[in-house]
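To start, the structure under review is shown below, and the notes come after it.
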There are 2 protein chains.
Amino acid sequence: MSSDDDSDKVFKALADRRRRHMLDLLKDGPKTTGMLCAAFPEIDRCTVMQHLKVLEQADLVVPQRKGRERWNHLNALPIKGIHDRWIGDYAAHAVDLLARLNSDLEIQPD
Amino acid sequence: MSSDDDSDKVFKALADRRRRHMLDLLKDGPKTTGMLCAAFPEIDRCTVMQHLKVLEQADLVVPQRKGRERWNHLNALPIKGIHDRWIGDYAAHAVDLLARLNSDLEIQPD
């Protein structure tokens, strides 16, 4: 599989805001599928599992079986891949400064 | 506009591999629209400009007019936003180590 195919999967997975919100929750720590269902009461278990499958295929979520439970872990490596592709080590410091400058300017009173 | 709407635009823009390749080129430095057309001879100028418009609406490309030329600059801030959303300062070092370990393992002879 080409890296373009891998990237297609990652960006397809991230294109959905509910899947992005699932990753937000997993950033705080692994969650069972049941916990994720409880966090999204507006969708049914089957839909939660479909979203998790898309995230797993993109390697953004890594499942771990413990008994009858499935713990879902955020895998940050594809996210780091996005960063490194267009920012990389060399520019990281400059972009960091720019982001801080930007947020400083945004909070200034006018 | 919500940050979900902003994220939708960014991931919609990045979902297309040709637009990702355009950003790859812009990473090396700003390019005129003419230079980008020359780099993608398989698509016409109008299509190149449509892709640039999607990238611009996502704030991934910032145009600069110089006389009759339009110079397209990569704006890395939305990319940094993706990184910070799911990695952030605290975990950045650990993910960095993990990525290096991963690539070291991949290049090991079996």
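Order determines the names: the first chain of the structure tokens is A, the second B, and so forth; residues in each chain are numbered 1 upward, and ligands are numbered 1 upward as they are shown.
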
What are the closest atom pairs, with distances in Å to one decimal, for all residues of chain A lying within 10 Å of chain B? Consider only C-alpha atoms, order rows by chain and residue number, and present the result as CSV.
residue,atom,partner,partner_atom,distance
A:Asp4,CA,B:Arg17,CA,6.7
A:Asp5,CA,B:Arg17,CA,8.9
A:Ser7,CA,B:Arg17,CA,8.0
A:Asp8,CA,B:Ala15,CA,6.3
A:Lys9,CA,B:Ala15,CA,8.8
A:Val10,CA,B:Ala15,CA,8.6
A:Phe11,CA,B:Ala15,CA,5.2
A:Lys12,CA,B:Ala15,CA,6.2
A:Ala13,CA,B:Phe11,CA,9.4
A:Leu14,CA,B:Phe11,CA,6.6
A:Ala15,CA,B:Phe11,CA,5.2
A:Asp16,CA,B:Asp8,CA,7.5
A:Arg17,CA,B:Asp4,CA,6.7
A:Arg18,CA,B:Asp4,CA,9.7
A:Arg20,CA,B:Asp4,CA,9.2
A:His21,CA,B:Asp4,CA,9.6
A:Leu23,CA,B:Trp86,CA,7.4
A:Asp24,CA,B:Trp86,CA,6.7
A:Leu25,CA,B:Trp86,CA,9.6
A:Leu26,CA,B:Trp86,CA,8.9
A:Lys27,CA,B:Trp86,CA,6.1
A:Asp28,CA,B:Trp86,CA,9.4
A:Leu74,CA,B:Trp86,CA,8.7
A:Asn75,CA,B:Val95,CA,9.3
A:Ala76,CA,B:Ile87,CA,6.6
A:Leu77,CA,B:Ala99,CA,6.6
A:Pro78,CA,B:Ala99,CA,9.6
A:Ile79,CA,B:His83,CA,6.1
A:Lys80,CA,B:His83,CA,6.5
A:Gly81,CA,B:Ala99,CA,8.9
A:Ile82,CA,B:Ile79,CA,7.2
A:His83,CA,B:Ile79,CA,6.1
A:Asp84,CA,B:Ile79,CA,9.4
A:Arg85,CA,B:Asp24,CA,7.6
A:Trp86,CA,B:Lys27,CA,6.1
A:Ile87,CA,B:Ala76,CA,6.6
A:Gly88,CA,B:Lys27,CA,9.7
A:Ala91,CA,B:Ala76,CA,9.3
A:Ala92,CA,B:Lys80,CA,8.7
A:Val95,CA,B:Leu77,CA,6.9
A:Asp96,CA,B:Lys80,CA,8.0
A:Leu98,CA,B:Leu77,CA,8.0
A:Ala99,CA,B:Leu77,CA,6.5
A:Asn102,CA,B:Leu77,CA,9.4

Give me every alpha helix (DSSP H) residue in segment 2-70 of chain B, going by DSSP on the backbone, as a ChimeraX atom specification.
-> /B:3-14,17-27,33-39,45-57

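The coordinates place atom CA of His51 of chain A at 6.3 Å from atom CA of Arg19 of chain A.
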
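Considering only chain A, backbone DSSP assigns strand (DSSP E) to A:Lys31, A:Thr32, A:Val61, A:Val62, A:Pro63, A:Gln64, A:Arg65, A:Lys66, A:Glu69, A:Arg70, A:Trp71, A:Asn72, A:His73, A:Leu74.
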
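Atom CA of Gly34 of chain A is positioned 15.7 Å from atom CA of Val62 of chain A.
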
Please measure the separation of atom CA of Ala38 of chain A and atom CA of Asp6 of chain B, giving the value in Å to one decimal.
-> 26.6 Å
